[in-house]
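Printed here is final.pdb (PDB, C-alpha atoms):
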```pdb
ATOM      1  CA  MET A 137     -23.036  18.101  80.924  1.00  0.00           C
ATOM      2  CA  ALA A 138     -20.370  20.103  79.152  1.00  0.00           C
ATOM      3  CA  ARG A 139     -18.682  18.414  76.223  1.00  0.00           C
ATOM      4  CA  SER A 140     -15.246  18.879  77.723  1.00  0.00           C
ATOM      5  CA  ALA A 141     -16.369  16.850  80.769  1.00  0.00           C
ATOM      6  CA  LEU A 142     -17.700  13.943  78.720  1.00  0.00           C
ATOM      7  CA  THR A 143     -16.036  10.601  79.436  1.00  0.00           C
ATOM      8  CA  ARG A 144     -16.555   7.028  78.299  1.00  0.00           C
ATOM      9  CA  ASP A 145     -17.660   6.012  81.791  1.00  0.00           C
ATOM     10  CA  GLY A 146     -20.088   8.901  81.904  1.00  0.00           C
ATOM     11  CA  VAL A 147     -21.601   7.873  78.569  1.00  0.00           C
ATOM     12  CA  LEU A 148     -21.944   4.274  79.759  1.00  0.00           C
ATOM     13  CA  ASP A 149     -23.477   5.352  83.074  1.00  0.00           C
ATOM     14  CA  THR A 150     -26.162   7.360  81.304  1.00  0.00           C
ATOM     15  CA  ALA A 151     -26.767   4.649  78.716  1.00  0.00           C
ATOM     16  CA  ALA A 152     -27.150   2.031  81.452  1.00  0.00           C
ATOM     17  CA  ALA A 153     -29.632   4.254  83.306  1.00  0.00           C
ATOM     18  CA  LEU A 154     -31.720   4.629  80.135  1.00  0.00           C
ATOM     19  CA  VAL A 155     -31.761   0.878  79.572  1.00  0.00           C
ATOM     20  CA  ARG A 156     -32.678   0.158  83.202  1.00  0.00           C
ATOM     21  CA  GLU A 157     -35.557   2.635  83.118  1.00  0.00           C
ATOM     22  CA  HIS A 158     -36.938   2.210  79.614  1.00  0.00           C
ATOM     23  CA  GLY A 159     -35.400  -0.907  78.066  1.00  0.00           C
ATOM     24  CA  PRO A 160     -32.843  -1.380  75.247  1.00  0.00           C
ATOM     25  CA  ALA A 161     -35.217  -0.108  72.546  1.00  0.00           C
ATOM     26  CA  ALA A 162     -35.209   3.338  74.162  1.00  0.00           C
ATOM     27  CA  LEU A 163     -31.442   3.610  73.852  1.00  0.00           C
ATOM     28  CA  THR A 164     -30.829   5.611  70.699  1.00  0.00           C
ATOM     29  CA  MET A 165     -27.733   7.662  70.040  1.00  0.00           C
ATOM     30  CA  ARG A 166     -29.860  10.781  69.627  1.00  0.00           C
ATOM     31  CA  ARG A 167     -31.639  10.281  72.939  1.00  0.00           C
ATOM     32  CA  LEU A 168     -28.402   9.475  74.719  1.00  0.00           C
ATOM     33  CA  ALA A 169     -26.796  12.628  73.333  1.00  0.00           C
ATOM     34  CA  ALA A 170     -29.789  14.676  74.512  1.00  0.00           C
ATOM     35  CA  GLU A 171     -29.504  13.182  78.022  1.00  0.00           C
ATOM     36  CA  LEU A 172     -25.815  14.078  78.103  1.00  0.00           C
ATOM     37  CA  GLY A 173     -26.283  17.509  76.563  1.00  0.00           C
ATOM     38  CA  THR A 174     -23.791  16.822  73.805  1.00  0.00           C
ATOM     39  CA  ALA A 175     -23.640  16.038  70.100  1.00  0.00           C
ATOM     40  CA  VAL A 176     -24.175  12.552  68.682  1.00  0.00           C
ATOM     41  CA  THR A 177     -20.700  12.723  67.152  1.00  0.00           C
ATOM     42  CA  SER A 178     -19.235  13.024  70.656  1.00  0.00           C
ATOM     43  CA  ILE A 179     -20.958   9.795  71.640  1.00  0.00           C
ATOM     44  CA  TYR A 180     -19.463   8.035  68.626  1.00  0.00           C
ATOM     45  CA  TRP A 181     -16.009   9.311  69.553  1.00  0.00           C
ATOM     46  CA  HIS A 182     -16.239   7.878  73.085  1.00  0.00           C
ATOM     47  CA  VAL A 183     -18.027   4.548  72.549  1.00  0.00           C
ATOM     48  CA  GLY A 184     -18.427   3.946  68.811  1.00  0.00           C
ATOM     49  CA  ASN A 185     -21.767   3.146  67.177  1.00  0.00           C
ATOM     50  CA  ARG A 186     -24.884   1.804  68.902  1.00  0.00           C
ATOM     51  CA  GLU A 187     -23.862  -1.852  68.614  1.00  0.00           C
ATOM     52  CA  GLN A 188     -20.473  -1.075  70.112  1.00  0.00           C
ATOM     53  CA  LEU A 189     -22.221   0.846  72.877  1.00  0.00           C
ATOM     54  CA  LEU A 190     -24.464  -2.149  73.630  1.00  0.00           C
ATOM     55  CA  ASP A 191     -21.428  -4.438  73.646  1.00  0.00           C
ATOM     56  CA  ALA A 192     -19.717  -2.121  76.129  1.00  0.00           C
ATOM     57  CA  LEU A 193     -22.803  -2.147  78.376  1.00  0.00           C
ATOM     58  CA  VAL A 194     -22.869  -5.935  78.271  1.00  0.00           C
ATOM     59  CA  GLU A 195     -19.181  -6.150  79.164  1.00  0.00           C
ATOM     60  CA  ARG A 196     -19.711  -3.757  82.039  1.00  0.00           C
ATOM     61  CA  THR A 197     -22.675  -5.760  83.345  1.00  0.00           C
ATOM     62  CA  VAL A 198     -20.602  -8.937  83.258  1.00  0.00           C
ATOM     63  CA  ALA A 199     -17.797  -7.135  85.088  1.00  0.00           C
ATOM     64  CA  ASP A 200     -20.206  -5.742  87.720  1.00  0.00           C
ATOM     65  CA  LEU A 201     -21.401  -9.230  88.604  1.00  0.00           C
ATOM     66  CA  GLY A 202     -17.775 -10.181  89.105  1.00  0.00           C
ATOM     67  CA  THR A 203     -17.572  -7.852  92.118  1.00  0.00           C
ATOM     68  CA  LEU A 204     -19.865  -9.931  94.357  1.00  0.00           C
ATOM     69  CA  ARG A 205     -18.159 -10.530  97.699  1.00  0.00           C
ATOM     70  CA  PRO A 206     -19.579 -13.125 100.120  1.00  0.00           C
ATOM     71  CA  HIS A 207     -19.822 -12.414 103.829  1.00  0.00           C
ATOM     72  CA  GLY A 208     -20.774 -14.381 106.924  1.00  0.00           C
ATOM     73  CA  ALA A 209     -19.295 -16.316 109.827  1.00  0.00           C
ATOM     74  CA  ASP A 210     -19.361 -19.743 108.165  1.00  0.00           C
ATOM     75  CA  PRO A 211     -19.601 -21.286 104.666  1.00  0.00           C
ATOM     76  CA  ALA A 212     -23.377 -21.735 104.883  1.00  0.00           C
ATOM     77  CA  GLU A 213     -23.982 -18.046 105.630  1.00  0.00           C
ATOM     78  CA  ARG A 214     -21.492 -16.981 102.983  1.00  0.00           C
ATOM     79  CA  ILE A 215     -23.215 -19.169 100.393  1.00  0.00           C
ATOM     80  CA  VAL A 216     -26.559 -17.589 101.313  1.00  0.00           C
ATOM     81  CA  SER A 217     -24.947 -14.148 101.015  1.00  0.00           C
ATOM     82  CA  VAL A 218     -23.733 -14.971  97.479  1.00  0.00           C
ATOM     83  CA  ALA A 219     -27.270 -16.018  96.557  1.00  0.00           C
ATOM     84  CA  LEU A 220     -28.702 -12.789  97.984  1.00  0.00           C
ATOM     85  CA  LEU A 221     -26.154 -10.630  96.180  1.00  0.00           C
ATOM     86  CA  LEU A 222     -26.742 -12.448  92.898  1.00  0.00           C
ATOM     87  CA  ARG A 223     -30.522 -12.127  93.212  1.00  0.00           C
ATOM     88  CA  ARG A 224     -30.226  -8.406  93.896  1.00  0.00           C
ATOM     89  CA  ALA A 225     -27.853  -7.918  90.962  1.00  0.00           C
ATOM     90  CA  LEU A 226     -30.205  -9.721  88.571  1.00  0.00           C
ATOM     91  CA  ARG A 227     -33.262  -7.855  89.838  1.00  0.00           C
ATOM     92  CA  ASP A 228     -31.525  -4.473  89.604  1.00  0.00           C
ATOM     93  CA  ARG A 229     -30.478  -5.018  85.959  1.00  0.00           C
ATOM     94  CA  PRO A 230     -33.251  -6.965  84.178  1.00  0.00           C
ATOM     95  CA  HIS A 231     -32.820  -5.332  80.767  1.00  0.00           C
ATOM     96  CA  LEU A 232     -29.039  -5.372  80.953  1.00  0.00           C
ATOM     97  CA  VAL A 233     -29.048  -9.042  81.985  1.00  0.00           C
ATOM     98  CA  ALA A 234     -31.356  -9.786  79.037  1.00  0.00           C
ATOM     99  CA  MET A 235     -28.831  -8.107  76.735  1.00  0.00           C
ATOM    100  CA  VAL A 236     -26.056 -10.267  78.189  1.00  0.00           C
ATOM    101  CA  HIS A 237     -28.170 -13.353  77.495  1.00  0.00           C
ATOM    102  CA  GLU A 238     -28.935 -12.266  73.924  1.00  0.00           C
ATOM    103  CA  ARG A 239     -25.213 -11.969  73.232  1.00  0.00           C
ATOM    104  CA  GLY A 240     -24.502 -15.473  74.512  1.00  0.00           C
ATOM    105  CA  LEU A 241     -22.554 -14.375  77.592  1.00  0.00           C
ATOM    106  CA  THR A 242     -24.843 -15.701  80.326  1.00  0.00           C
ATOM    107  CA  GLU A 243     -22.478 -18.422  81.490  1.00  0.00           C
ATOM    108  CA  ARG A 244     -19.598 -15.961  81.620  1.00  0.00           C
ATOM    109  CA  MET A 245     -21.764 -13.599  83.664  1.00  0.00           C
ATOM    110  CA  PHE A 246     -22.432 -16.288  86.281  1.00  0.00           C
ATOM    111  CA  LEU A 247     -18.826 -17.492  86.442  1.00  0.00           C
ATOM    112  CA  PRO A 248     -17.688 -15.167  89.302  1.00  0.00           C
ATOM    113  CA  ALA A 249     -20.640 -16.229  91.470  1.00  0.00           C
ATOM    114  CA  GLN A 250     -19.869 -19.869  90.672  1.00  0.00           C
ATOM    115  CA  ARG A 251     -16.244 -19.372  91.713  1.00  0.00           C
ATOM    116  CA  ALA A 252     -17.353 -17.845  95.022  1.00  0.00           C
ATOM    117  CA  LEU A 253     -19.724 -20.753  95.620  1.00  0.00           C
ATOM    118  CA  ILE A 254     -16.982 -23.274  94.798  1.00  0.00           C
ATOM    119  CA  HIS A 255     -14.689 -21.619  97.330  1.00  0.00           C
ATOM    120  CA  GLU A 256     -17.340 -21.874 100.051  1.00  0.00           C
ATOM    121  CA  ALA A 257     -18.250 -25.439  99.084  1.00  0.00           C
ATOM    122  CA  HIS A 258     -14.599 -26.429  99.500  1.00  0.00           C
ATOM    123  CA  ALA A 259     -14.446 -24.576 102.825  1.00  0.00           C
ATOM    124  CA  ALA A 260     -17.434 -26.657 103.961  1.00  0.00           C
ATOM    125  CA  GLY A 261     -15.649 -29.861 102.987  1.00  0.00           C
ATOM    126  CA  LEU A 262     -17.513 -30.635  99.765  1.00  0.00           C
ATOM    127  CA  ARG A 263     -15.570 -31.907  96.772  1.00  0.00           C
ATOM    128  CA  GLY A 264     -16.229 -33.205  93.283  1.00  0.00           C
ATOM    129  CA  GLY A 265     -19.828 -33.902  92.306  1.00  0.00           C
ATOM    130  CA  ARG A 266     -21.273 -32.754  95.635  1.00  0.00           C
ATOM    131  CA  ALA A 267     -19.579 -29.369  95.324  1.00  0.00           C
ATOM    132  CA  ALA A 268     -20.784 -29.061  91.714  1.00  0.00           C
ATOM    133  CA  GLU A 269     -24.347 -29.890  92.776  1.00  0.00           C
ATOM    134  CA  LEU A 270     -24.288 -27.144  95.394  1.00  0.00           C
ATOM    135  CA  VAL A 271     -23.020 -24.561  92.881  1.00  0.00           C
ATOM    136  CA  ARG A 272     -25.647 -25.406  90.295  1.00  0.00           C
ATOM    137  CA  ALA A 273     -28.499 -25.846  92.768  1.00  0.00           C
ATOM    138  CA  VAL A 274     -27.897 -22.419  94.307  1.00  0.00           C
ATOM    139  CA  GLN A 275     -27.563 -20.773  90.887  1.00  0.00           C
ATOM    140  CA  PHE A 276     -30.786 -22.365  89.635  1.00  0.00           C
ATOM    141  CA  GLN A 277     -32.579 -21.423  92.847  1.00  0.00           C
ATOM    142  CA  VAL A 278     -31.591 -17.781  92.368  1.00  0.00           C
ATOM    143  CA  VAL A 279     -32.478 -17.614  88.672  1.00  0.00           C
ATOM    144  CA  GLY A 280     -35.754 -19.505  89.118  1.00  0.00           C
ATOM    145  CA  HIS A 281     -36.837 -17.315  92.006  1.00  0.00           C
ATOM    146  CA  VAL A 282     -36.037 -14.120  90.104  1.00  0.00           C
ATOM    147  CA  LEU A 283     -38.025 -15.340  87.085  1.00  0.00           C
ATOM    148  CA  VAL A 284     -41.044 -16.124  89.281  1.00  0.00           C
ATOM    149  CA  GLU A 285     -40.801 -12.703  90.945  1.00  0.00           C
ATOM    150  CA  ARG A 286     -40.566 -10.944  87.578  1.00  0.00           C
ATOM    151  CA  ASN A 287     -43.544 -12.881  86.193  1.00  0.00           C
ATOM    152  CA  ARG A 288     -45.645 -12.017  89.254  1.00  0.00           C
ATOM    153  CA  GLU A 289     -44.739  -8.344  88.943  1.00  0.00           C
ATOM    154  CA  ARG A 290     -45.572  -8.218  85.224  1.00  0.00           C
ATOM    155  CA  SER A 291     -48.783 -10.239  85.376  1.00  0.00           C
ATOM    156  CA  PRO A 292     -52.109  -8.393  85.039  1.00  0.00           C
ATOM    157  CA  ALA A 293     -54.110  -7.603  88.146  1.00  0.00           C
ATOM    158  CA  GLN A 294     -55.844 -10.749  89.397  1.00  0.00           C
ATOM    159  CA  SER A 295     -59.512 -10.739  90.359  1.00  0.00           C
ATOM    160  CA  PRO A 296     -60.038 -12.074  92.891  1.00  0.00           C
ATOM    161  CA  ALA A 297     -56.510 -11.550  94.160  1.00  0.00           C
ATOM    162  CA  GLU A 298     -54.599 -14.339  95.871  1.00  0.00           C
ATOM    163  CA  THR A 299     -55.108 -12.703  99.263  1.00  0.00           C
ATOM    164  CA  GLU A 300     -58.886 -12.497  98.664  1.00  0.00           C
ATOM    165  CA  LEU A 301     -59.086 -16.152  97.643  1.00  0.00           C
ATOM    166  CA  TRP A 302     -57.578 -17.355 100.896  1.00  0.00           C
ATOM    167  CA  ALA A 303     -59.724 -14.971 102.920  1.00  0.00           C
ATOM    168  CA  THR A 304     -63.126 -15.510 101.256  1.00  0.00           C
ATOM    169  CA  ASP A 305     -63.269 -18.721  99.202  1.00  0.00           C
ATOM    170  CA  PRO A 306     -65.553 -21.157 101.128  1.00  0.00           C
ATOM    171  CA  VAL A 307     -63.874 -24.351  99.916  1.00  0.00           C
ATOM    172  CA  THR A 308     -60.457 -23.003 100.839  1.00  0.00           C
ATOM    173  CA  ALA A 309     -61.747 -21.783 104.171  1.00  0.00           C
ATOM    174  CA  GLN A 310     -63.136 -25.242 104.952  1.00  0.00           C
ATOM    175  CA  ALA A 311     -59.817 -26.870 104.029  1.00  0.00           C
ATOM    176  CA  THR A 312     -57.889 -24.566 106.352  1.00  0.00           C
ATOM    177  CA  GLU A 313     -60.361 -24.243 109.244  1.00  0.00           C
ATOM    178  CA  ALA A 314     -58.257 -26.605 111.335  1.00  0.00           C
ATOM    179  CA  ASP A 315     -55.296 -24.240 110.862  1.00  0.00           C
ATOM    180  CA  PRO A 316     -56.579 -20.651 110.948  1.00  0.00           C
ATOM    181  CA  GLU A 317     -53.082 -19.211 111.228  1.00  0.00           C
ATOM    182  CA  LEU A 318     -52.198 -20.881 107.926  1.00  0.00           C
ATOM    183  CA  ALA A 319     -55.196 -19.253 106.253  1.00  0.00           C
ATOM    184  CA  ARG A 320     -54.357 -15.853 107.736  1.00  0.00           C
ATOM    185  CA  THR A 321     -50.728 -16.096 106.606  1.00  0.00           C
ATOM    186  CA  LEU A 322     -51.640 -17.169 103.076  1.00  0.00           C
ATOM    187  CA  ALA A 323     -54.064 -14.237 102.895  1.00  0.00           C
ATOM    188  CA  GLU A 324     -51.214 -11.792 103.512  1.00  0.00           C
ATOM    189  CA  PRO A 325     -49.076 -10.314 100.706  1.00  0.00           C
ATOM    190  CA  VAL A 326     -46.133 -12.504  99.722  1.00  0.00           C
ATOM    191  CA  ASP A 327     -42.767 -11.485 101.184  1.00  0.00           C
ATOM    192  CA  THR A 328     -40.638 -12.740  98.292  1.00  0.00           C
ATOM    193  CA  GLU A 329     -37.298 -11.884  99.896  1.00  0.00           C
ATOM    194  CA  HIS A 330     -38.194 -13.793 103.068  1.00  0.00           C
ATOM    195  CA  LEU A 331     -39.245 -16.795 100.974  1.00  0.00           C
ATOM    196  CA  PHE A 332     -36.027 -16.572  98.993  1.00  0.00           C
ATOM    197  CA  VAL A 333     -33.813 -16.583 102.088  1.00  0.00           C
ATOM    198  CA  LEU A 334     -35.879 -19.379 103.632  1.00  0.00           C
ATOM    199  CA  GLY A 335     -35.570 -21.514 100.499  1.00  0.00           C
ATOM    200  CA  VAL A 336     -31.862 -20.900  99.976  1.00  0.00           C
ATOM    201  CA  ARG A 337     -31.025 -21.646 103.607  1.00  0.00           C
ATOM    202  CA  ALA A 338     -33.008 -24.875 103.507  1.00  0.00           C
ATOM    203  CA  LEU A 339     -31.329 -25.850 100.238  1.00  0.00           C
ATOM    204  CA  VAL A 340     -27.826 -25.070 101.513  1.00  0.00           C
ATOM    205  CA  THR A 341     -28.413 -26.830 104.838  1.00  0.00           C
ATOM    206  CA  GLY A 342     -29.534 -29.944 103.005  1.00  0.00           C
ATOM    207  CA  LEU A 343     -26.645 -29.925 100.553  1.00  0.00           C
ATOM    208  CA  LEU A 344     -24.020 -29.275 103.215  1.00  0.00           C
ATOM    209  CA  GLY A 345     -25.510 -31.853 105.555  1.00  0.00           C
TER
END
```
Here is a file; write its structure as structure tokens.
Amino acid sequence: MARSALTRDGVLDTAAALVREHGPAALTMRRLAAELGTAVTSIYWHVGNREQLLDALVERTVADLGTLRPHGADPAERIVSVALLLRRALRDRPHLVAMVHERGLTERMFLPAQRALIHEAHAAGLRGGRAAELVRAVQFQVVGHVLVERNRERSPAQSPAETELWATDPVTAQATEADPELARTLAEPVDTEHLFVLGVRALVTGLLG
């Protein structure tokens, strides 16, 4: 990138990409300058020092999560859509979200999603404590599910794997012989997105009911 074309947004875009791919430790001013094809001094001119750059990335992440827009034909579907959008946003930005948390801005980051959930709770007729319970329950469901997904993805290879246990373990096989479809399903790879939608819909249905 030519120096004359360098912009603050361009610097932040490249910095965010480095953090997403390699983590915050990989974000050095020298490496960022090399990625942009410019001098380190140009980076300082646009975003300040490294701490100021990290602060700007955090602010941008918080702002990005403020752009979530629910969709659906009724409050229940719109609440589920908020949960899906929030899950995707958290999964797409794990390192950036961690930086937000480290700087004590987690609650601010979740505020736009909470506002959207409050709006839909009111549209469904919930008020007061019941509306607050829905907001917090959905938020905790999203965060908890994302943490479980991340832990599963980062865990070492299991031997035997979960799918092998359900398919070959004799005690398990005996316990599920009356329900072979159950055993077959549990032996298949986990569809985490399907489970997420299933859980959120059940949660929302119960809270709205």
**Item:** Selection: 9 Å around A:Met235, only C-alpha atoms, excl. self and same-chain fewer than 4 positions, as a list in words
**Value:**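 Here the answer would be Pro160, Leu190, Asp191, Leu193, Val194, Pro230, His231, Arg239, Gly240 and Leu241 of chain A.
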Could you save the residues just selected, with C-alpha atoms, as a PDB file, in the frame of the given file?
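Written out: part20.pdb:
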```pdb
ATOM      1  CA  PRO A 160     -32.843  -1.380  75.247  1.00  0.00           C
ATOM      2  CA  LEU A 190     -24.464  -2.149  73.630  1.00  0.00           C
ATOM      3  CA  ASP A 191     -21.428  -4.438  73.646  1.00  0.00           C
ATOM      4  CA  LEU A 193     -22.803  -2.147  78.376  1.00  0.00           C
ATOM      5  CA  VAL A 194     -22.869  -5.935  78.271  1.00  0.00           C
ATOM      6  CA  PRO A 230     -33.251  -6.965  84.178  1.00  0.00           C
ATOM      7  CA  HIS A 231     -32.820  -5.332  80.767  1.00  0.00           C
ATOM      8  CA  ARG A 239     -25.213 -11.969  73.232  1.00  0.00           C
ATOM      9  CA  GLY A 240     -24.502 -15.473  74.512  1.00  0.00           C
ATOM     10  CA  LEU A 241     -22.554 -14.375  77.592  1.00  0.00           C
TER      11      LEU A 241
END
```
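Considering only C-alpha atoms, the residue among A:Arg196, A:His258, A:His207, A:Arg288 positioned nearest to A:Ala152 is A:Arg196.
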What gap, in Å, lies between atom CA of A:Val155 and atom CA of A:Leu168?
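Distance reported for this atom pair: 10.4 Å.
The shortest atom-to-atom distance to A:Thr321, with only C-alpha atoms taken into account, belongs to A:Thr299 out of A:Thr299, A:Thr341, A:Thr242, A:Gln250.
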- Excluding stretch 259-266 of chain A and any residue of its chain fewer than 2 positions from it, enumerate the residues within 10 Å of it, using only C-alpha atoms, and give them as a ChimeraX atom specification. /A:210-212,253-257,268-271,343-345
Kindly provide, as JSON, the centre and edge lengths (Å, one decimal) of an axis-aligned box around all atoms of stretch 192-197 of chain A given in the file, with 5 Å on each side.
```
{"center_x": -21.0, "center_y": -4.1, "center_z": 79.7, "size_x": 13.7, "size_y": 14.0, "size_z": 17.2}
```
Excluding A:Thr150 and residues on its chain fewer than 5 positions from it, collect all residues at most 12 Å away from it, counting only C-alpha atoms, and give them as a ChimeraX atom specification. /A:137,142-145,155-157,163-165,167-173,179,189,193
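The interatomic distance for the pair atom CA of A:Arg251 and atom CA of A:Val336 works out to 17.7 Å.
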| Resolved residues for the PyMOL selection byres ((chain A and resi 200) around 12) as a ChimeraX atom specification | /A:193-199,201-205,221-222,225-226,228-229,232-233,244-249
Note to self: Please report the interatomic distance between atom CA of A:Val216 and atom CA of A:Arg337 in Å with one decimal.
What the structure shows: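 Between atom CA of A:Val216 and atom CA of A:Arg337 the gap is 6.5 Å.
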Neighbours of point (-39.8, -14.7, 100.0) within 12 Å, using only C-alpha atoms, written as an mmCIF file with C-alpha atoms, in the frame of the given file:
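So the final result, stored in out-v8.cif, reads:
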```cif
data_model
loop_
_atom_site.group_PDB
_atom_site.id
_atom_site.type_symbol
_atom_site.label_atom_id
_atom_site.label_comp_id
_atom_site.auth_asym_id
_atom_site.auth_seq_id
_atom_site.Cartn_x
_atom_site.Cartn_y
_atom_site.Cartn_z
ATOM 1 C CA LEU A 220 -28.702 -12.789 97.984
ATOM 2 C CA ARG A 223 -30.522 -12.127 93.212
ATOM 3 C CA VAL A 278 -31.591 -17.781 92.368
ATOM 4 C CA HIS A 281 -36.837 -17.315 92.006
ATOM 5 C CA VAL A 282 -36.037 -14.120 90.104
ATOM 6 C CA VAL A 284 -41.044 -16.124 89.281
ATOM 7 C CA GLU A 285 -40.801 -12.703 90.945
ATOM 8 C CA PRO A 325 -49.076 -10.314 100.706
ATOM 9 C CA VAL A 326 -46.133 -12.504 99.722
ATOM 10 C CA ASP A 327 -42.767 -11.485 101.184
ATOM 11 C CA THR A 328 -40.638 -12.740 98.292
ATOM 12 C CA GLU A 329 -37.298 -11.884 99.896
ATOM 13 C CA HIS A 330 -38.194 -13.793 103.068
ATOM 14 C CA LEU A 331 -39.245 -16.795 100.974
ATOM 15 C CA PHE A 332 -36.027 -16.572 98.993
ATOM 16 C CA VAL A 333 -33.813 -16.583 102.088
ATOM 17 C CA LEU A 334 -35.879 -19.379 103.632
ATOM 18 C CA GLY A 335 -35.570 -21.514 100.499
ATOM 19 C CA VAL A 336 -31.862 -20.900 99.976
ATOM 20 C CA ARG A 337 -31.025 -21.646 103.607
#
```
Margin query: Quick one: residues within 9 Å of A:Glu324, all atoms listed in the file, excluding same-chain residues fewer than 4 positions away - as a list in words?
Written below: Glu298, Thr299, Trp302, Ala319 and Arg320 of chain A
Checklist entry - Which residue gives the smallest distance to A:Ser217 among A:Val274, A:Ala151, A:Ala192, A:Glu187, with all atoms listed in the file counted? => result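 Nearest to A:Ser217: A:Val274.
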Please produce stretch 200-206 of chain A, completed to all heavy atoms, as a PDB file, in the coordinates of the input.
```pdb
ATOM      1  N   ASP A 200     -19.561  -6.115  86.461  1.00  0.00           N
ATOM      2  CA  ASP A 200     -20.206  -5.742  87.720  1.00  0.00           C
ATOM      3  C   ASP A 200     -20.562  -6.980  88.543  1.00  0.00           C
ATOM      4  O   ASP A 200     -20.405  -6.990  89.766  1.00  0.00           O
ATOM      5  CB  ASP A 200     -21.480  -4.936  87.451  1.00  0.00           C
ATOM      6  CG  ASP A 200     -21.179  -3.503  87.041  1.00  0.00           C
ATOM      7  OD1 ASP A 200     -20.024  -3.081  87.190  1.00  0.00           O
ATOM      8  OD2 ASP A 200     -22.100  -2.820  86.561  1.00  0.00           O
ATOM      9  N   LEU A 201     -21.034  -8.023  87.878  1.00  0.00           N
ATOM     10  CA  LEU A 201     -21.401  -9.230  88.604  1.00  0.00           C
ATOM     11  C   LEU A 201     -20.173  -9.986  89.086  1.00  0.00           C
ATOM     12  O   LEU A 201     -20.298 -10.917  89.889  1.00  0.00           O
ATOM     13  CB  LEU A 201     -22.290 -10.128  87.752  1.00  0.00           C
ATOM     14  CG  LEU A 201     -23.788  -9.873  87.979  1.00  0.00           C
ATOM     15  CD1 LEU A 201     -24.218  -8.560  87.351  1.00  0.00           C
ATOM     16  CD2 LEU A 201     -24.639 -11.012  87.466  1.00  0.00           C
ATOM     17  N   GLY A 202     -19.011  -9.584  88.616  1.00  0.00           N
ATOM     18  CA  GLY A 202     -17.775 -10.181  89.105  1.00  0.00           C
ATOM     19  C   GLY A 202     -17.286  -9.565  90.400  1.00  0.00           C
ATOM     20  O   GLY A 202     -16.285 -10.013  90.963  1.00  0.00           O
ATOM     21  N   THR A 203     -17.994  -8.533  90.890  1.00  0.00           N
ATOM     22  CA  THR A 203     -17.572  -7.852  92.118  1.00  0.00           C
ATOM     23  C   THR A 203     -18.313  -8.361  93.350  1.00  0.00           C
ATOM     24  O   THR A 203     -18.156  -7.793  94.437  1.00  0.00           O
ATOM     25  CB  THR A 203     -17.796  -6.334  91.986  1.00  0.00           C
ATOM     26  OG1 THR A 203     -19.196  -6.066  91.829  1.00  0.00           O
ATOM     27  CG2 THR A 203     -17.039  -5.779  90.781  1.00  0.00           C
ATOM     28  N   LEU A 204     -19.130  -9.406  93.210  1.00  0.00           N
ATOM     29  CA  LEU A 204     -19.865  -9.931  94.357  1.00  0.00           C
ATOM     30  C   LEU A 204     -18.894 -10.490  95.393  1.00  0.00           C
ATOM     31  O   LEU A 204     -18.016 -11.283  95.060  1.00  0.00           O
ATOM     32  CB  LEU A 204     -20.830 -11.035  93.905  1.00  0.00           C
ATOM     33  CG  LEU A 204     -21.843 -10.673  92.819  1.00  0.00           C
ATOM     34  CD1 LEU A 204     -22.739 -11.866  92.516  1.00  0.00           C
ATOM     35  CD2 LEU A 204     -22.686  -9.476  93.230  1.00  0.00           C
ATOM     36  N   ARG A 205     -19.051 -10.078  96.636  1.00  0.00           N
ATOM     37  CA  ARG A 205     -18.159 -10.530  97.699  1.00  0.00           C
ATOM     38  C   ARG A 205     -18.975 -11.159  98.823  1.00  0.00           C
ATOM     39  O   ARG A 205     -19.769 -10.485  99.483  1.00  0.00           O
ATOM     40  CB  ARG A 205     -17.350  -9.345  98.248  1.00  0.00           C
ATOM     41  CG  ARG A 205     -16.409  -8.711  97.246  1.00  0.00           C
ATOM     42  CD  ARG A 205     -15.258  -9.651  96.891  1.00  0.00           C
ATOM     43  NE  ARG A 205     -14.360  -9.057  95.910  1.00  0.00           N
ATOM     44  CZ  ARG A 205     -14.451  -9.220  94.595  1.00  0.00           C
ATOM     45  NH1 ARG A 205     -15.425  -9.985  94.097  1.00  0.00           N
ATOM     46  NH2 ARG A 205     -13.603  -8.638  93.781  1.00  0.00           N
ATOM     47  N   PRO A 206     -18.803 -12.465  99.067  1.00  0.00           N
ATOM     48  CA  PRO A 206     -19.579 -13.125 100.120  1.00  0.00           C
ATOM     49  C   PRO A 206     -19.192 -12.622 101.503  1.00  0.00           C
ATOM     50  O   PRO A 206     -18.081 -12.139 101.717  1.00  0.00           O
ATOM     51  CB  PRO A 206     -19.227 -14.609  99.946  1.00  0.00           C
ATOM     52  CG  PRO A 206     -17.913 -14.616  99.246  1.00  0.00           C
ATOM     53  CD  PRO A 206     -17.895 -13.395  98.378  1.00  0.00           C
TER      54      PRO A 206
END
```
